[in-house]
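Reproduced below: coords_10.csv, with CSV, C-alpha atoms.
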chain,number,residue,atom,x,y,z
A,91,MET,CA,0.0,0.0,0.0
A,92,VAL,CA,1.0,3.6,-0.5
A,93,GLU,CA,1.5,6.1,2.2
A,94,THR,CA,-1.5,8.3,2.9
A,95,THR,CA,-1.3,12.0,2.3
A,96,GLY,CA,-3.9,13.1,4.8
A,97,LYS,CA,-2.8,14.8,8.0
A,98,GLN,CA,-3.2,12.8,11.2
A,99,LYS,CA,-2.5,13.7,14.7
A,100,GLY,CA,1.2,13.5,15.4
A,101,GLY,CA,2.2,14.0,11.8
A,102,PRO,CA,1.9,12.0,8.6
A,103,VAL,CA,1.7,8.3,9.2
A,104,PRO,CA,2.9,6.1,6.3
A,105,ASP,CA,0.7,3.3,5.1
A,106,ASP,CA,3.0,1.2,2.9
A,107,PRO,CA,3.3,-2.6,3.6
A,108,LEU,CA,6.8,-2.4,2.2
A,109,LEU,CA,7.6,-1.0,5.6
A,110,TRP,CA,7.0,-4.3,7.5
A,111,PRO,CA,9.8,-3.5,10.1
A,112,PHE,CA,7.7,-0.5,11.2
A,113,ALA,CA,4.4,-2.4,11.6
A,114,ALA,CA,5.2,-3.5,15.1
A,115,ALA,CA,5.8,0.1,16.1
A,116,ARG,CA,2.4,1.0,14.8
A,117,LEU,CA,0.8,-1.9,16.5
A,118,ALA,CA,2.3,-0.6,19.7
A,119,MET,CA,0.7,2.8,19.2
A,120,ASP,CA,-3.0,2.6,19.6
A,121,ALA,CA,-3.6,5.8,17.6
A,122,CYS,CA,-1.6,4.7,14.6
A,123,PHE,CA,-3.3,1.6,13.0
A,124,TRP,CA,-6.5,0.7,11.3
A,125,TRP,CA,-8.5,-2.4,10.5
A,126,LEU,CA,-8.7,-3.3,6.9
A,127,GLU,CA,-11.8,-2.0,5.2
A,128,ARG,CA,-12.3,-5.2,3.2
A,129,ASP,CA,-12.2,-8.9,3.7
A,130,PRO,CA,-8.8,-10.5,4.2
A,131,PRO,CA,-7.3,-12.2,1.1
A,132,GLU,CA,-8.3,-15.7,0.5
A,133,GLN,CA,-5.9,-18.5,1.2
A,134,GLY,CA,-4.5,-20.2,-1.9
A,135,ALA,CA,-5.7,-17.4,-4.2
A,136,SER,CA,-4.0,-17.6,-7.6
A,137,CYS,CA,-1.1,-15.3,-8.2
A,138,LEU,CA,-1.1,-12.5,-10.7
A,139,PRO,CA,0.7,-13.2,-14.0
A,140,TRP,CA,4.0,-11.5,-14.8
A,141,THR,CA,4.1,-8.6,-17.2
A,142,THR,CA,7.4,-9.7,-18.9
A,143,PRO,CA,7.8,-13.3,-20.2
A,144,ASN,CA,10.3,-15.1,-18.1
A,145,ALA,CA,11.6,-18.6,-17.1
A,146,VAL,CA,12.8,-19.9,-13.8
A,147,ALA,CA,16.5,-20.2,-14.1
A,148,LEU,CA,17.2,-21.5,-10.6
A,149,GLU,CA,15.2,-22.8,-7.7
A,150,LEU,CA,16.7,-21.9,-4.3
A,151,ALA,CA,15.5,-22.1,-0.7
A,152,THR,CA,14.9,-18.4,-0.5
A,153,MET,CA,13.9,-17.5,-4.1
A,154,ARG,CA,13.2,-18.4,-7.7
A,155,LEU,CA,15.7,-16.7,-10.0
A,156,ARG,CA,13.6,-15.5,-12.9
A,157,ASP,CA,15.3,-15.0,-16.3
A,158,CYS,CA,13.6,-12.2,-18.2
A,159,SER,CA,16.3,-12.0,-20.9
A,160,ARG,CA,15.8,-11.5,-24.6
A,161,THR,CA,19.3,-12.8,-25.4
A,162,HIS,CA,21.9,-14.9,-23.8
A,163,SER,CA,24.8,-12.5,-24.6
A,164,GLY,CA,25.7,-9.2,-23.2
A,165,GLN,CA,26.1,-7.7,-19.7
A,166,PRO,CA,23.6,-9.2,-17.2
A,167,ALA,CA,21.5,-7.1,-14.8
A,168,LEU,CA,19.9,-8.5,-11.7
A,169,VAL,CA,17.0,-6.7,-10.1
A,170,CYS,CA,16.9,-7.4,-6.4
A,171,ALA,CA,13.3,-7.0,-5.4
A,172,PRO,CA,12.4,-6.0,-1.8
A,173,TYR,CA,11.6,-8.9,0.4
A,174,ALA,CA,8.9,-7.3,2.4
A,175,LEU,CA,5.2,-8.1,2.5
A,176,HIS,CA,4.6,-8.3,-1.3
A,177,ARG,CA,5.7,-10.3,-4.3
A,178,ALA,CA,8.5,-9.3,-6.6
A,179,LEU,CA,5.8,-8.3,-9.1
A,180,ILE,CA,6.5,-4.8,-7.7
A,181,ALA,CA,9.4,-4.8,-10.2
A,182,ASP,CA,7.3,-6.0,-13.1
A,183,PHE,CA,3.8,-4.7,-12.2
A,184,ALA,CA,2.3,-3.7,-15.6
A,185,PRO,CA,3.2,-2.3,-19.0
A,186,ASP,CA,4.7,1.2,-18.5
A,187,HIS,CA,4.9,0.4,-14.8
A,188,SER,CA,7.7,-2.2,-14.9
A,189,VAL,CA,11.4,-1.9,-13.9
A,190,VAL,CA,12.1,-5.0,-16.0
A,191,GLN,CA,10.4,-3.6,-19.0
A,192,SER,CA,12.0,-0.2,-18.7
A,193,LEU,CA,15.5,-1.8,-18.5
A,194,GLN,CA,14.7,-3.8,-21.6
A,195,SER,CA,13.3,-0.8,-23.5
A,196,GLY,CA,16.6,1.0,-22.6
A,197,GLY,CA,18.7,-1.7,-24.3
A,198,ILE,CA,19.4,-4.0,-21.3
A,199,ASP,CA,18.7,-7.4,-22.9
A,200,ARG,CA,19.8,-9.7,-20.1
A,201,VAL,CA,17.6,-9.0,-17.1
A,202,TYR,CA,17.1,-11.3,-14.1
A,203,LEU,CA,14.8,-10.9,-11.0
A,204,THR,CA,14.9,-12.3,-7.5
A,205,ASP,CA,11.4,-13.7,-6.9
A,206,TRP,CA,11.5,-14.2,-3.1
A,207,ARG,CA,9.5,-17.1,-1.6
A,208,SER,CA,6.9,-16.8,1.1
A,209,ALA,CA,8.4,-18.3,4.3
A,210,ALA,CA,7.1,-21.8,5.2
A,211,PRO,CA,7.3,-23.0,8.8
A,212,ASP,CA,10.6,-24.8,8.1
A,213,MET,CA,12.2,-21.5,6.9
A,214,ARG,CA,11.7,-19.7,10.3
A,215,TYR,CA,15.4,-19.9,11.2
A,216,LEU,CA,16.7,-18.5,7.9
A,217,SER,CA,18.9,-15.4,8.4
A,218,ILE,CA,20.3,-12.5,6.4
A,219,ASP,CA,23.3,-14.7,5.7
A,220,ASN,CA,21.1,-17.3,4.1
A,221,TYR,CA,19.6,-14.7,1.8
A,222,LEU,CA,23.0,-13.2,1.0
A,223,SER,CA,24.3,-16.7,0.3
A,224,ASP,CA,21.5,-17.6,-2.1
A,225,LEU,CA,22.0,-14.2,-3.8
A,226,ASN,CA,25.6,-15.2,-4.3
A,227,VAL,CA,24.6,-18.5,-5.8
A,228,ALA,CA,22.2,-16.7,-8.2
A,229,ILE,CA,24.8,-14.3,-9.4
A,230,ASP,CA,27.3,-17.2,-9.9
A,231,GLU,CA,24.6,-18.9,-12.0
A,232,ILE,CA,24.0,-15.7,-14.1
A,233,GLY,CA,27.8,-15.1,-14.4
A,234,ALA,CA,29.6,-12.4,-12.5
A,235,PRO,CA,30.1,-9.5,-12.6
A,236,VAL,CA,26.5,-8.3,-12.8
A,237,ASP,CA,24.9,-5.0,-12.7
A,238,LEU,CA,22.9,-5.2,-9.4
A,239,ILE,CA,19.7,-3.1,-9.1
A,240,GLY,CA,18.3,-3.0,-5.5
A,241,LEU,CA,14.8,-1.7,-4.9
A,242,CYS,CA,13.9,-0.5,-1.4
A,243,GLN,CA,14.9,-3.2,1.0
A,244,GLY,CA,16.5,-5.1,-1.9
A,245,GLY,CA,18.8,-2.0,-1.9
A,246,TRP,CA,20.5,-2.5,1.4
A,247,LEU,CA,20.8,-6.2,0.6
A,248,SER,CA,22.4,-5.4,-2.8
A,249,LEU,CA,24.8,-2.9,-1.1
A,250,LEU,CA,25.7,-5.5,1.5
A,251,TYR,CA,26.4,-8.0,-1.2
A,252,ALA,CA,28.5,-5.5,-3.2
A,253,ALA,CA,30.6,-4.9,0.0
A,254,ARG,CA,31.0,-8.6,0.7
A,255,PHE,CA,31.7,-9.6,-2.9
A,256,PRO,CA,33.0,-6.4,-4.6
A,257,ALA,CA,34.5,-8.2,-7.6
A,258,LYS,CA,31.1,-9.7,-8.6
A,259,VAL,CA,29.3,-6.3,-9.0
A,260,ARG,CA,30.1,-4.2,-12.1
A,261,ARG,CA,27.7,-1.4,-11.4
A,262,LEU,CA,25.2,-0.8,-8.6
A,263,VAL,CA,21.8,0.9,-8.6
A,264,LEU,CA,20.0,1.7,-5.4
A,265,ALA,CA,16.4,2.9,-5.7
A,266,GLY,CA,14.7,4.2,-2.6
A,267,ALA,CA,17.1,2.1,-0.4
A,268,PRO,CA,17.2,2.6,3.3
A,269,VAL,CA,20.8,2.4,4.5
A,270,ASP,CA,21.8,5.1,6.9
A,271,LEU,CA,19.0,5.1,9.5
A,272,SER,CA,20.8,7.8,11.5
A,273,ILE,CA,19.2,10.2,9.1
A,274,GLU,CA,15.9,10.8,10.8
A,275,SER,CA,12.5,10.1,9.4
A,276,HIS,CA,9.1,9.6,11.1
A,277,LEU,CA,9.5,5.9,10.3
A,278,SER,CA,12.9,5.4,11.8
A,279,GLN,CA,11.7,7.0,15.0
A,280,LEU,CA,8.7,4.7,15.1
A,281,VAL,CA,10.8,1.5,14.8
A,282,ARG,CA,13.4,2.5,17.3
A,283,ASN,CA,10.8,3.7,19.9
A,284,ALA,CA,8.8,0.4,19.9
A,285,PRO,CA,9.8,-2.0,22.6
A,286,GLU,CA,11.9,-4.9,21.3
A,287,ALA,CA,9.4,-7.4,22.8
A,288,VAL,CA,6.7,-6.2,20.4
A,289,TYR,CA,8.7,-7.6,17.5
A,290,ASP,CA,9.4,-10.8,19.3
A,291,GLN,CA,5.7,-11.2,20.0
A,292,LEU,CA,4.8,-10.8,16.4
A,293,VAL,CA,7.1,-13.6,15.4
A,294,ALA,CA,5.8,-15.8,18.2
A,295,ARG,CA,2.3,-15.2,17.0
A,296,GLY,CA,3.3,-16.4,13.5
A,297,GLY,CA,4.8,-19.6,14.8
A,298,GLY,CA,8.3,-18.4,14.2
A,299,ASN,CA,7.6,-16.4,11.1
A,300,LEU,CA,6.1,-13.0,10.4
A,301,SER,CA,2.7,-13.5,8.9
A,302,GLY,CA,2.2,-11.2,6.0
A,303,GLU,CA,-1.6,-11.7,6.0
A,304,GLU,CA,-1.8,-10.8,9.6
A,305,MET,CA,0.4,-7.7,9.2
A,306,LEU,CA,-1.7,-6.5,6.3
A,307,ARG,CA,-5.0,-7.2,8.1
A,308,PHE,CA,-4.0,-5.6,11.4
A,309,TRP,CA,-1.7,-2.8,10.3
A,310,SER,CA,-3.0,-1.3,7.1
A,311,LYS,CA,-6.0,0.4,5.7
A,312,ALA,CA,-7.2,-0.1,2.1
A,313,PRO,CA,-5.6,2.6,-0.1
A,314,SER,CA,-7.9,5.1,-1.8
A,315,ARG,CA,-8.1,5.6,-5.5
A,316,GLU,CA,-6.0,8.8,-5.0
A,317,ASP,CA,-3.3,6.8,-3.1
A,318,ILE,CA,-3.0,4.3,-5.9
A,319,ALA,CA,-3.1,7.0,-8.6
A,320,ALA,CA,-0.2,8.7,-6.8
A,321,ALA,CA,1.8,5.5,-6.7
A,322,LEU,CA,1.1,4.6,-10.3
A,323,GLN,CA,1.3,8.3,-11.5
A,324,LYS,CA,-1.6,7.6,-13.7
A,325,ASP,CA,-5.1,8.9,-14.3
A,326,LEU,CA,-7.3,5.9,-13.3
A,327,THR,CA,-10.6,7.2,-14.5
A,328,ASP,CA,-10.8,5.3,-17.8
A,329,GLY,CA,-11.0,1.6,-18.6
A,330,GLU,CA,-7.3,1.1,-18.5
A,331,GLY,CA,-7.2,2.8,-15.1
A,332,ALA,CA,-9.9,0.5,-13.8
A,333,ALA,CA,-7.8,-2.5,-14.8
A,334,LEU,CA,-4.8,-1.1,-13.1
A,335,LEU,CA,-6.8,-0.5,-10.0
A,336,ALA,CA,-8.0,-4.1,-9.9
A,337,ARG,CA,-4.5,-5.4,-10.5
A,338,PHE,CA,-3.0,-3.2,-7.8
A,339,ASP,CA,-5.7,-4.4,-5.3
A,340,ARG,CA,-4.9,-8.1,-6.1
A,341,TRP,CA,-1.1,-7.4,-5.8
A,342,ASN,CA,-1.6,-5.7,-2.5
A,343,ALA,CA,-3.6,-8.7,-1.2
A,344,GLU,CA,-1.0,-11.3,-2.2
A,345,THR,CA,1.3,-11.2,0.9
A,346,LEU,CA,4.4,-13.0,1.8
A,347,ASN,CA,5.5,-14.4,5.1
A,348,LEU,CA,9.0,-13.7,6.4
A,349,PRO,CA,11.3,-15.9,8.4
A,350,GLY,CA,11.2,-14.8,12.0
A,351,ARG,CA,15.0,-14.8,12.4
A,352,TYR,CA,15.5,-12.8,9.2
A,353,TYR,CA,12.9,-10.3,10.2
A,354,LEU,CA,14.3,-9.7,13.7
A,355,GLU,CA,17.8,-9.3,12.4
A,356,ILE,CA,16.7,-6.6,10.0
A,357,VAL,CA,14.6,-4.8,12.6
A,358,ASN,CA,17.4,-4.9,15.1
A,359,TRP,CA,20.6,-4.7,13.1
A,360,ILE,CA,19.6,-2.5,10.1
A,361,PHE,CA,16.8,-0.3,11.5
A,362,ARG,CA,17.4,-0.1,15.2
A,363,GLU,CA,21.2,-0.4,15.5
A,364,ASN,CA,22.2,1.0,12.1
A,365,ARG,CA,25.0,-1.5,11.9
A,366,LEU,CA,25.4,-1.4,8.1
A,367,ALA,CA,26.0,2.3,7.9
A,368,ALA,CA,28.0,2.4,11.1
A,369,GLY,CA,30.5,-0.2,9.9
A,370,ARG,CA,29.5,-2.8,12.5
A,371,PHE,CA,27.8,-5.4,10.3
A,372,THR,CA,29.2,-9.0,9.8
A,373,ALA,CA,28.1,-11.0,6.8
A,374,LEU,CA,29.1,-14.5,5.9
A,375,GLY,CA,31.9,-14.4,8.4
A,376,ARG,CA,33.4,-11.1,7.4
A,377,ALA,CA,33.2,-7.6,8.8
A,378,ILE,CA,31.6,-5.4,6.2
A,379,ASP,CA,33.3,-2.1,5.2
A,380,LEU,CA,31.1,-0.1,2.7
A,381,LYS,CA,34.3,1.6,1.5
A,382,ASN,CA,35.0,-1.7,-0.3
A,383,VAL,CA,32.2,-0.8,-2.6
A,384,LYS,CA,34.0,1.0,-5.5
A,385,ALA,CA,31.7,0.1,-8.3
A,386,PRO,CA,30.0,2.9,-10.2
A,387,LEU,CA,26.8,3.8,-8.3
A,388,PHE,CA,23.4,5.3,-9.3
A,389,LEU,CA,21.1,6.5,-6.5
A,390,LEU,CA,17.4,7.1,-7.2
A,391,ALA,CA,15.3,9.0,-4.6
A,392,GLY,CA,11.8,10.2,-4.3
A,393,LEU,CA,11.2,13.8,-3.4
A,394,ASP,CA,7.8,12.9,-1.9
A,395,ASP,CA,9.0,9.7,-0.3
A,396,ASP,CA,8.1,9.4,3.4
A,397,VAL,CA,9.4,5.9,3.6
A,398,VAL,CA,13.0,6.6,2.6
A,399,PRO,CA,13.5,10.4,2.4
A,400,ALA,CA,15.6,11.7,-0.4
A,401,SER,CA,18.2,12.9,2.0
A,402,GLN,CA,18.5,9.3,3.3
A,403,ALA,CA,18.6,7.7,-0.1
A,404,LEU,CA,21.2,10.0,-1.4
A,405,ALA,CA,23.4,9.9,1.7
A,406,THR,CA,24.6,6.4,0.7
A,407,ALA,CA,27.1,8.1,-1.7
A,408,ASP,CA,29.1,9.3,1.4
A,409,LEU,CA,29.4,5.8,2.8
A,410,VAL,CA,30.9,3.9,-0.1
A,411,GLY,CA,34.3,3.9,-1.7
A,412,THR,CA,33.0,4.8,-5.2
A,413,PRO,CA,34.9,7.9,-6.5
A,414,PRO,CA,32.5,10.9,-6.7
A,415,ALA,CA,33.0,11.1,-10.5
A,416,PHE,CA,31.3,7.6,-10.8
A,417,VAL,CA,28.3,8.4,-8.6
A,418,ALA,CA,25.1,9.5,-10.4
A,419,ALA,CA,21.8,10.4,-8.8
A,420,ALA,CA,18.3,11.3,-9.7
A,421,SER,CA,15.5,12.8,-7.5
A,422,GLU,CA,12.0,12.3,-8.8
A,423,PRO,CA,8.7,14.0,-7.8
A,424,SER,CA,7.5,10.6,-6.5
A,425,ASP,CA,6.4,8.8,-3.4
A,426,HIS,CA,8.0,5.5,-2.4
A,427,LEU,CA,6.0,3.0,-4.6
A,428,GLY,CA,6.1,5.5,-7.4
A,429,LEU,CA,9.9,4.9,-7.7
A,430,PHE,CA,9.1,1.3,-8.9
A,431,MET,CA,5.6,1.5,-10.3
A,432,GLY,CA,5.1,5.1,-11.4
A,433,ALA,CA,4.5,5.8,-15.0
A,434,ARG,CA,6.3,9.2,-14.9
A,435,THR,CA,9.3,7.6,-13.2
A,436,HIS,CA,9.4,5.0,-15.9
A,437,THR,CA,9.3,7.7,-18.5
A,438,CYS,CA,12.1,9.8,-16.9
A,439,ALA,CA,14.4,8.0,-14.4
A,440,TRP,CA,14.5,4.4,-15.5
A,441,PRO,CA,15.5,5.2,-19.1
A,442,ARG,CA,18.3,7.3,-17.7
A,443,ILE,CA,19.4,4.4,-15.5
A,444,ALA,CA,19.4,2.0,-18.4
A,445,ALA,CA,21.5,4.4,-20.5
A,446,TRP,CA,23.9,4.8,-17.5
A,447,LEU,CA,24.2,1.0,-17.3
A,448,ARG,CA,25.1,0.9,-21.0
A,449,ASP,CA,27.4,3.9,-21.0
A,450,ASP,CA,31.1,3.6,-21.4
A,451,LEU,CA,32.4,5.3,-18.2
A,452,SER,CA,36.0,5.4,-19.5
A,453,SER,CA,35.3,9.0,-20.7
A,454,VAL,CA,34.3,10.0,-17.2
A,455,LEU,CA,37.6,8.5,-15.8
A,456,ALA,CA,39.6,10.4,-18.4
A,457,ARG,CA,37.9,13.7,-17.5
A,458,SER,CA,38.5,13.1,-13.8
A,459,ALA,CA,42.1,12.1,-14.2
What's the structure tokens form of this structure?
Amino acid sequence: MVETTGKQKGGPVPDDPLLWPFAAARLAMDACFWWLERDPPEQGASCLPWTTPNAVALELATMRLRDCSRTHSGQPALVCAPYALHRALIADFAPDHSVVQSLQSGGIDRVYLTDWRSAAPDMRYLSIDNYLSDLNVAIDEIGAPVDLIGLCQGGWLSLLYAARFPAKVRRLVLAGAPVDLSIESHLSQLVRNAPEAVYDQLVARGGGNLSGEEMLRFWSKAPSREDIAAALQKDLTDGEGAALLARFDRWNAETLNLPGRYYLEIVNWIFRENRLAAGRFTALGRAIDLKNVKAPLFLLAGLDDDVVPASQALATADLVGTPPAFVAAASEPSDHLGLFMGARTHTCAWPRIAAWLRDDLSSVLARSA
């Protein structure tokens, strides 16, 4: 769901299920959550079809690696979708609202996508290391080095991967990615202020996992037509708009469960303790230094993003070792979901990102020498 734009007591309260770490904080604050205004999603409901034709290249414990490529030659790009409450369809939502499609239209012919699995009971002990390890297996399957494109929470995972395996990432794109949580936002305050026991209780209620259906039902309210129009950056009054509304509503209802251990590590290590930005994160047995990331970097931020404020999204440039000449950035008049689903963003920002991925940066190096 998108964040509401109305004014509520105590300031604007985001309403985006991509923000599952903050859900517990909202549950802990009586004035800051709503019941859903519709029936909960049916169990076993069929999944929405993908926009871009693809094949499953690899089946892993944490994901299906989807191959959306139009050719088997050329530089590969891997879109790391957010593993939050919703499917990776956020990266391939609909024609003119698809990151995968925009990359292909921009001349990136080899595109892959992480399609994260909903956590089953036997996945409850999976950790960040498990997801990082499977991401490494996927990249080895594709063939390193890859261009890694991290969306929202897929962004910090992509950055963590690039720091742990710098030789395997040629270029890095981070879109609306929360990294340095010392840069204040209403949301970062919420998650830090909630008692740690609240998060533990949510996992216990899910039998060791975080229930996506429960979080959607107890934490969110149904988005209005205006909310969805803002996210899709589209007039939804015609027949095409009605179809997009129906598709969005189905996408929003198809939730994913998250492994309890993974969820708690992210809440505590990323959001509460800010370990990644502070240089206190250990991944797959090694201390992580973001200065080891020297790959060319593109940062995409939303000027109307209450989830990851533009100042937070762009501050990542100061944490990495990428020379300033190889850092590009774009700030779009967009809310959070609009960075991935918005028609205007796909007309302006994503073609620029695709061109940047294809560009020969040797001329930049020559100018900066």
**Report entry** Option closest in space to Ser424 in chain A, from A:Gly392, A:Gly233, A:Gly296, A:Gly331 [counting all atoms listed in the file]
**Finding:** A:Gly392
**Report entry** Nearby residues (only C-alpha atoms) at most 9 Å from Gly240 in chain A, same-chain spacing under 3 positions excluded, as a PyMOL selection string
**Finding:** chain A and resi 168-172+243-249+262-267
Query raised in the report: Do you know which residues are at most 9 Å from Tyr221 in chain A counting all atoms listed in the file, after dropping those on the same chain fewer than 2 positions away, and could you put them as a count of residues only?
Result: 13
**Report entry** Which of A:Asp212, A:Glu330, A:Asp205, A:Asp237 sits closest to Leu193 in chain A [using only C-alpha atoms]
**Finding:** A:Asp237
Query raised in the report: Can you tell me how far CA of Arg260 in chain A sits from CA of Ala368 in chain A, in Å to one decimal?
Result: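 We find that CA of Arg260 in chain A and CA of Ala368 in chain A lie 24.2 Å from each other.
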Report task. Quick one: everything within 9 Å of Cys158 in chain A, counting all atoms listed in the file, minus sequence neighbours fewer than 6 positions away in the same chain. Send it as a list in words. Result ->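 Those residues are Thr142, Pro143, Asn144, Ala145, Val146, Val190, Asp199, Arg200, Val201, Tyr202 and Leu203 of chain A.
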Report task. Please identify all polymer residues lying at most 12 Å from the point (31.1, -14.2, 5.9) (file coordinates), using all atoms listed in the file, and present the result as a ChimeraX atom specification. Result -> /A:218-220,222-223,226,250-251,253-255,371-378
Query raised in the report: Which of these, A:Ala391, A:Gly350, A:Val397, A:Leu322, has the shortest distance to Gln291 in chain A once you count all atoms listed in the file?
Result: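 The answer is A:Gly350, which sits nearest to Gln291 in chain A.
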Query raised in the report: What does the distance between CA of Leu387 in chain A and CA of Arg207 in chain A come to in Å, to one decimal place?
Result: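 Calculated distance between CA of Leu387 in chain A and CA of Arg207 in chain A is 27.9 Å.
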Query - Residues near Lys324 in chain A, cut-off 10 Å, all atoms listed in the file, skip fewer than 4 positions along chain, as a ChimeraX atom specification - result: /A:187,316,318-320,330-331,334,432-434
Would you output that residue set with C-alpha atoms, as a PDB file, keeping the file's coordinate frame?
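Okay, again-v9.pdb is ready:
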ATOM      1  CA  HIS A 187       4.900   0.400 -14.800  1.00  0.00           C
ATOM      2  CA  GLU A 316      -6.000   8.800  -5.000  1.00  0.00           C
ATOM      3  CA  ILE A 318      -3.000   4.300  -5.900  1.00  0.00           C
ATOM      4  CA  ALA A 319      -3.100   7.000  -8.600  1.00  0.00           C
ATOM      5  CA  ALA A 320      -0.200   8.700  -6.800  1.00  0.00           C
ATOM      6  CA  GLU A 330      -7.300   1.100 -18.500  1.00  0.00           C
ATOM      7  CA  GLY A 331      -7.200   2.800 -15.100  1.00  0.00           C
ATOM      8  CA  LEU A 334      -4.800  -1.100 -13.100  1.00  0.00           C
ATOM      9  CA  GLY A 432       5.100   5.100 -11.400  1.00  0.00           C
ATOM     10  CA  ALA A 433       4.500   5.800 -15.000  1.00  0.00           C
ATOM     11  CA  ARG A 434       6.300   9.200 -14.900  1.00  0.00           C
TER      12      ARG A 434
END
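Checking A:Asn299, A:Thr406, A:Asn283, A:Ser188 one by one against Met431 in chain A, counting all atoms listed in the file, you find the shortest gap at A:Ser188.
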Query raised in the report: From the set A:Leu175, A:Leu241, A:Leu155, A:Val383, which residue has the shortest atom-to-atom contact distance to Ala403 in chain A, counting only C-alpha atoms?
Result: A:Leu241
Query raised in the report: Between A:Ala385, A:Leu277, A:Ala178, A:Ala209, which is the closest to Val259 in chain A once you count only C-alpha atoms?
Result: A:Ala385
Query raised in the report: Hey, can you check how far CA of Leu292 in chain A sits from CA of Phe338 in chain A?
Result: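 Between these atoms lies a distance of 26.5 Å.
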Report task. Around the point (32.8, 5.3, -3.2) in the file's coordinates, collect all residues with an atom within 12 Å, using only C-alpha atoms, and return them as a ChimeraX atom specification. Result -> /A:249,252-253,256,261-262,379-388,405-418
Within 9 Å of Leu348 in chain A, counting only C-alpha atoms, which residues qualify if same-chain residues fewer than 5 places away don't, as a PDB file with C-alpha atoms, keeping the file's coordinate frame?
ATOM      1  CA  TYR A 173      11.600  -8.900   0.400  1.00  0.00           C
ATOM      2  CA  ALA A 174       8.900  -7.300   2.400  1.00  0.00           C
ATOM      3  CA  LEU A 175       5.200  -8.100   2.500  1.00  0.00           C
ATOM      4  CA  ARG A 207       9.500 -17.100  -1.600  1.00  0.00           C
ATOM      5  CA  SER A 208       6.900 -16.800   1.100  1.00  0.00           C
ATOM      6  CA  ALA A 209       8.400 -18.300   4.300  1.00  0.00           C
ATOM      7  CA  ALA A 210       7.100 -21.800   5.200  1.00  0.00           C
ATOM      8  CA  MET A 213      12.200 -21.500   6.900  1.00  0.00           C
ATOM      9  CA  ARG A 214      11.700 -19.700  10.300  1.00  0.00           C
ATOM     10  CA  ASN A 299       7.600 -16.400  11.100  1.00  0.00           C
ATOM     11  CA  LEU A 300       6.100 -13.000  10.400  1.00  0.00           C
ATOM     12  CA  SER A 301       2.700 -13.500   8.900  1.00  0.00           C
ATOM     13  CA  GLY A 302       2.200 -11.200   6.000  1.00  0.00           C
ATOM     14  CA  TYR A 353      12.900 -10.300  10.200  1.00  0.00           C
TER      15      TYR A 353
END
Would you pull range 258-270 of chain A out of the block just shown and save N, CA and C atoms as a tab-separated table (two decimals), in the first residue's frame?
chain	number	residue	atom	x	y	z
A	258	LYS	N	32.23	-9.08	-7.84
A	258	LYS	CA	31.10	-9.68	-8.57
A	258	LYS	C	30.04	-8.67	-8.99
A	259	VAL	N	30.26	-7.39	-8.67
A	259	VAL	CA	29.30	-6.35	-9.03
A	259	VAL	C	30.00	-5.32	-9.91
A	260	ARG	N	29.53	-5.20	-11.15
A	260	ARG	CA	30.12	-4.23	-12.07
A	260	ARG	C	29.61	-2.82	-11.79
A	261	ARG	N	28.29	-2.68	-11.70
A	261	ARG	CA	27.66	-1.40	-11.37
A	261	ARG	C	26.50	-1.66	-10.42
A	262	LEU	N	26.18	-0.63	-9.63
A	262	LEU	CA	25.19	-0.79	-8.56
A	262	LEU	C	24.17	0.34	-8.65
A	263	VAL	N	22.89	-0.04	-8.67
A	263	VAL	CA	21.79	0.92	-8.65
A	263	VAL	C	20.99	0.68	-7.38
A	264	LEU	N	20.77	1.74	-6.61
A	264	LEU	CA	19.96	1.66	-5.39
A	264	LEU	C	18.80	2.63	-5.53
A	265	ALA	N	17.58	2.10	-5.52
A	265	ALA	CA	16.37	2.91	-5.71
A	265	ALA	C	15.56	2.91	-4.41
A	266	GLY	N	15.44	4.08	-3.80
A	266	GLY	CA	14.68	4.19	-2.57
A	266	GLY	C	15.16	3.25	-1.49
A	267	ALA	N	16.47	3.14	-1.34
A	267	ALA	CA	17.07	2.13	-0.45
A	267	ALA	C	17.39	2.72	0.92
A	268	PRO	N	16.85	2.14	2.00
A	268	PRO	CA	17.20	2.59	3.34
A	268	PRO	C	18.54	2.00	3.76
A	269	VAL	N	19.52	2.84	4.04
A	269	VAL	CA	20.84	2.38	4.45
A	269	VAL	C	21.26	3.06	5.76
A	270	ASP	N	21.38	4.37	5.74
A	270	ASP	CA	21.81	5.09	6.93
A	270	ASP	C	20.60	5.58	7.71
